[in-house]
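Undergrad: Below is the file input_4.pdb, which contains PDB, C-alpha atoms.
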```pdb
ATOM      1  CA  MET A  19     -74.116  65.970   9.268  1.00  0.00           C
ATOM      2  CA  SER A  20     -71.491  67.481   6.965  1.00  0.00           C
ATOM      3  CA  GLU A  21     -68.700  66.411   9.335  1.00  0.00           C
ATOM      4  CA  LEU A  22     -69.967  62.812   9.297  1.00  0.00           C
ATOM      5  CA  LEU A  23     -70.182  62.818   5.519  1.00  0.00           C
ATOM      6  CA  ASN A  24     -66.662  64.242   5.216  1.00  0.00           C
ATOM      7  CA  SER A  25     -65.277  61.586   7.555  1.00  0.00           C
ATOM      8  CA  LEU A  26     -66.899  58.841   5.476  1.00  0.00           C
ATOM      9  CA  LEU A  27     -65.742  60.241   2.133  1.00  0.00           C
ATOM     10  CA  GLY A  28     -62.227  61.144   3.268  1.00  0.00           C
ATOM     11  CA  PRO A  29     -60.289  64.268   2.405  1.00  0.00           C
ATOM     12  CA  GLY A  30     -60.874  66.095  -0.847  1.00  0.00           C
ATOM     13  CA  GLU A  31     -57.155  66.695  -1.246  1.00  0.00           C
ATOM     14  CA  PRO A  32     -54.007  64.575  -1.174  1.00  0.00           C
ATOM     15  CA  GLU A  33     -53.211  63.171   2.240  1.00  0.00           C
ATOM     16  CA  ILE A  34     -49.911  61.998   3.659  1.00  0.00           C
ATOM     17  CA  THR A  35     -49.418  58.800   5.675  1.00  0.00           C
ATOM     18  CA  CYS A  36     -48.836  58.567   9.436  1.00  0.00           C
ATOM     19  CA  GLU A  37     -45.178  57.758   8.774  1.00  0.00           C
ATOM     20  CA  GLN A  38     -44.770  60.840   6.592  1.00  0.00           C
ATOM     21  CA  CYS A  39     -46.605  62.910   9.186  1.00  0.00           C
ATOM     22  CA  PHE A  40     -44.225  61.765  11.907  1.00  0.00           C
ATOM     23  CA  GLU A  41     -41.222  62.684   9.744  1.00  0.00           C
ATOM     24  CA  LEU A  42     -42.559  66.137   8.807  1.00  0.00           C
ATOM     25  CA  LEU A  43     -44.403  67.203  11.943  1.00  0.00           C
ATOM     26  CA  ASP A  44     -41.501  69.212  13.434  1.00  0.00           C
ATOM     27  CA  GLU A  45     -41.087  71.215  10.247  1.00  0.00           C
ATOM     28  CA  TYR A  46     -44.845  71.757   9.934  1.00  0.00           C
ATOM     29  CA  VAL A  47     -45.184  73.055  13.497  1.00  0.00           C
ATOM     30  CA  GLU A  48     -42.156  75.351  13.117  1.00  0.00           C
ATOM     31  CA  LEU A  49     -43.767  76.851  10.010  1.00  0.00           C
ATOM     32  CA  GLU A  50     -47.036  77.361  11.907  1.00  0.00           C
ATOM     33  CA  VAL A  51     -45.364  79.047  14.869  1.00  0.00           C
ATOM     34  CA  ARG A  52     -43.166  81.290  12.729  1.00  0.00           C
ATOM     35  CA  GLY A  53     -46.083  82.433  10.561  1.00  0.00           C
ATOM     36  CA  GLY A  54     -44.987  80.557   7.449  1.00  0.00           C
ATOM     37  CA  ASP A  55     -47.148  78.647   5.016  1.00  0.00           C
ATOM     38  CA  PRO A  56     -47.224  75.116   6.437  1.00  0.00           C
ATOM     39  CA  ASP A  57     -50.006  73.916   4.132  1.00  0.00           C
ATOM     40  CA  GLY A  58     -48.206  75.243   1.062  1.00  0.00           C
ATOM     41  CA  GLN A  59     -44.883  73.739   2.120  1.00  0.00           C
ATOM     42  CA  ILE A  60     -46.254  70.366   3.239  1.00  0.00           C
ATOM     43  CA  PRO A  61     -49.364  69.562   1.202  1.00  0.00           C
ATOM     44  CA  GLY A  62     -51.633  66.926   2.657  1.00  0.00           C
ATOM     45  CA  MET A  63     -50.591  67.430   6.270  1.00  0.00           C
ATOM     46  CA  ARG A  64     -53.706  69.396   7.264  1.00  0.00           C
ATOM     47  CA  ALA A  65     -55.980  66.737   5.727  1.00  0.00           C
ATOM     48  CA  HIS A  66     -54.117  64.003   7.566  1.00  0.00           C
ATOM     49  CA  LEU A  67     -54.240  65.837  10.895  1.00  0.00           C
ATOM     50  CA  SER A  68     -57.971  66.363  10.435  1.00  0.00           C
ATOM     51  CA  GLY A  69     -58.608  62.657   9.881  1.00  0.00           C
ATOM     52  CA  CYS A  70     -56.099  60.945  12.182  1.00  0.00           C
ATOM     53  CA  PRO A  71     -56.747  61.337  15.915  1.00  0.00           C
ATOM     54  CA  ALA A  72     -53.311  60.021  16.950  1.00  0.00           C
ATOM     55  CA  CYS A  73     -51.373  62.370  14.676  1.00  0.00           C
ATOM     56  CA  HIS A  74     -53.715  65.234  15.562  1.00  0.00           C
ATOM     57  CA  GLU A  75     -52.909  64.700  19.236  1.00  0.00           C
ATOM     58  CA  ASP A  76     -49.158  64.638  18.490  1.00  0.00           C
ATOM     59  CA  HIS A  77     -49.538  67.858  16.510  1.00  0.00           C
ATOM     60  CA  GLU A  78     -51.436  69.619  19.285  1.00  0.00           C
ATOM     61  CA  SER A  79     -48.879  68.563  21.906  1.00  0.00           C
ATOM     62  CA  LEU A  80     -45.895  69.622  19.806  1.00  0.00           C
ATOM     63  CA  LEU A  81     -47.550  72.901  18.841  1.00  0.00           C
ATOM     64  CA  ALA A  82     -48.215  73.722  22.506  1.00  0.00           C
ATOM     65  CA  TYR A  83     -44.627  72.860  23.461  1.00  0.00           C
ATOM     66  CA  VAL A  84     -43.038  74.883  20.664  1.00  0.00           C
ATOM     67  CA  SER A  85     -45.364  77.821  21.291  1.00  0.00           C
ATOM     68  CA  LEU A  86     -44.302  77.915  24.950  1.00  0.00           C
ATOM     69  CA  ARG A  87     -40.638  77.644  24.005  1.00  0.00           C
ATOM     70  CA  GLU A  88     -40.941  80.561  21.573  1.00  0.00           C
ATOM     71  CA  ARG A  89     -42.111  82.993  24.272  1.00  0.00           C
TER
END
```
Would you give me this structure, written as structure tokens?
TA:
Amino acid sequence: MSELLNSLLGPGEPEITCEQCFELLDEYVELEVRGGDPDGQIPGMRAHLSGCPACHEDHESLLAYVSLRER
């Protein structure tokens, strides 16, 4: 129920647009993989990824690719 309510109300924090997400996704993923602070460096990205299925899918794919490359 809480998940449904959250999806209807939207994020409780600033959220970036899909265009901004596309521009910043590489940097965000690199910060995640290297153990940085992606949410501190790129505020609003996590909220956007939680609410946008297309960008979430792009994030998951890029994260998997970069994680494999880092091994």
Undergrad: Would you mind listing what lies within 10 Å of A:His66 as a ChimeraX atom specification, with only C-alpha atoms counted and same-chain residues fewer than 2 positions away left out?
TA: /A:28-29,31-36,38-39,61-64,68-71,73-74
Undergrad: Which neighbours of A:Asp44 fall inside 12 Å, counting only C-alpha atoms, when residues of the same chain fewer than 5 positions from it are skipped, and could you give them as a VMD selection string?
TA: chain A and resid 38 to 39 49 to 51 56 60 63 76 to 81 83 to 84
Undergrad: Counting all atoms listed in the file, which residue out of A:Ala72, A:Asp57, A:Arg52, A:Ser85 sits closest to A:Glu37?
TA: A:Ala72
Undergrad: Just the number, please: distance in Å from atom CA of A:Arg87 to atom CA of A:Leu43, one decimal.
TA: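 If I compute the distance from atom CA of A:Arg87 to atom CA of A:Leu43, I get 16.4 Å.
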Undergrad: Missing atoms in stretch 60-71 of chain A: can you complete it with N, CA and C atoms, as a PDB file, keeping the file's coordinate frame?
TA:
```pdb
ATOM      1  N   ILE A  60     -46.047  71.796   2.993  1.00  0.00           N
ATOM      2  CA  ILE A  60     -46.254  70.366   3.239  1.00  0.00           C
ATOM      3  C   ILE A  60     -47.700  70.013   2.905  1.00  0.00           C
ATOM      4  N   PRO A  61     -47.996  69.884   1.612  1.00  0.00           N
ATOM      5  CA  PRO A  61     -49.364  69.562   1.202  1.00  0.00           C
ATOM      6  C   PRO A  61     -49.819  68.211   1.760  1.00  0.00           C
ATOM      7  N   GLY A  62     -51.055  68.162   2.160  1.00  0.00           N
ATOM      8  CA  GLY A  62     -51.633  66.926   2.657  1.00  0.00           C
ATOM      9  C   GLY A  62     -51.555  66.751   4.160  1.00  0.00           C
ATOM     10  N   MET A  63     -50.736  67.563   4.818  1.00  0.00           N
ATOM     11  CA  MET A  63     -50.591  67.430   6.270  1.00  0.00           C
ATOM     12  C   MET A  63     -51.887  67.813   6.978  1.00  0.00           C
ATOM     13  N   ARG A  64     -52.490  68.933   6.586  1.00  0.00           N
ATOM     14  CA  ARG A  64     -53.706  69.396   7.264  1.00  0.00           C
ATOM     15  C   ARG A  64     -54.817  68.355   7.117  1.00  0.00           C
ATOM     16  N   ALA A  65     -54.954  67.766   5.940  1.00  0.00           N
ATOM     17  CA  ALA A  65     -55.980  66.737   5.727  1.00  0.00           C
ATOM     18  C   ALA A  65     -55.706  65.533   6.617  1.00  0.00           C
ATOM     19  N   HIS A  66     -54.443  65.155   6.730  1.00  0.00           N
ATOM     20  CA  HIS A  66     -54.117  64.003   7.566  1.00  0.00           C
ATOM     21  C   HIS A  66     -54.403  64.303   9.033  1.00  0.00           C
ATOM     22  N   LEU A  67     -54.014  65.472   9.492  1.00  0.00           N
ATOM     23  CA  LEU A  67     -54.240  65.837  10.895  1.00  0.00           C
ATOM     24  C   LEU A  67     -55.727  65.922  11.217  1.00  0.00           C
ATOM     25  N   SER A  68     -56.526  66.291  10.227  1.00  0.00           N
ATOM     26  CA  SER A  68     -57.971  66.363  10.435  1.00  0.00           C
ATOM     27  C   SER A  68     -58.600  64.982  10.556  1.00  0.00           C
ATOM     28  N   GLY A  69     -58.002  63.981   9.909  1.00  0.00           N
ATOM     29  CA  GLY A  69     -58.608  62.657   9.881  1.00  0.00           C
ATOM     30  C   GLY A  69     -57.957  61.609  10.748  1.00  0.00           C
ATOM     31  N   CYS A  70     -56.825  61.932  11.375  1.00  0.00           N
ATOM     32  CA  CYS A  70     -56.099  60.945  12.182  1.00  0.00           C
ATOM     33  C   CYS A  70     -55.984  61.434  13.624  1.00  0.00           C
ATOM     34  N   PRO A  71     -56.764  60.872  14.527  1.00  0.00           N
ATOM     35  CA  PRO A  71     -56.747  61.337  15.915  1.00  0.00           C
ATOM     36  C   PRO A  71     -55.369  61.243  16.588  1.00  0.00           C
TER      37      PRO A  71
END
```
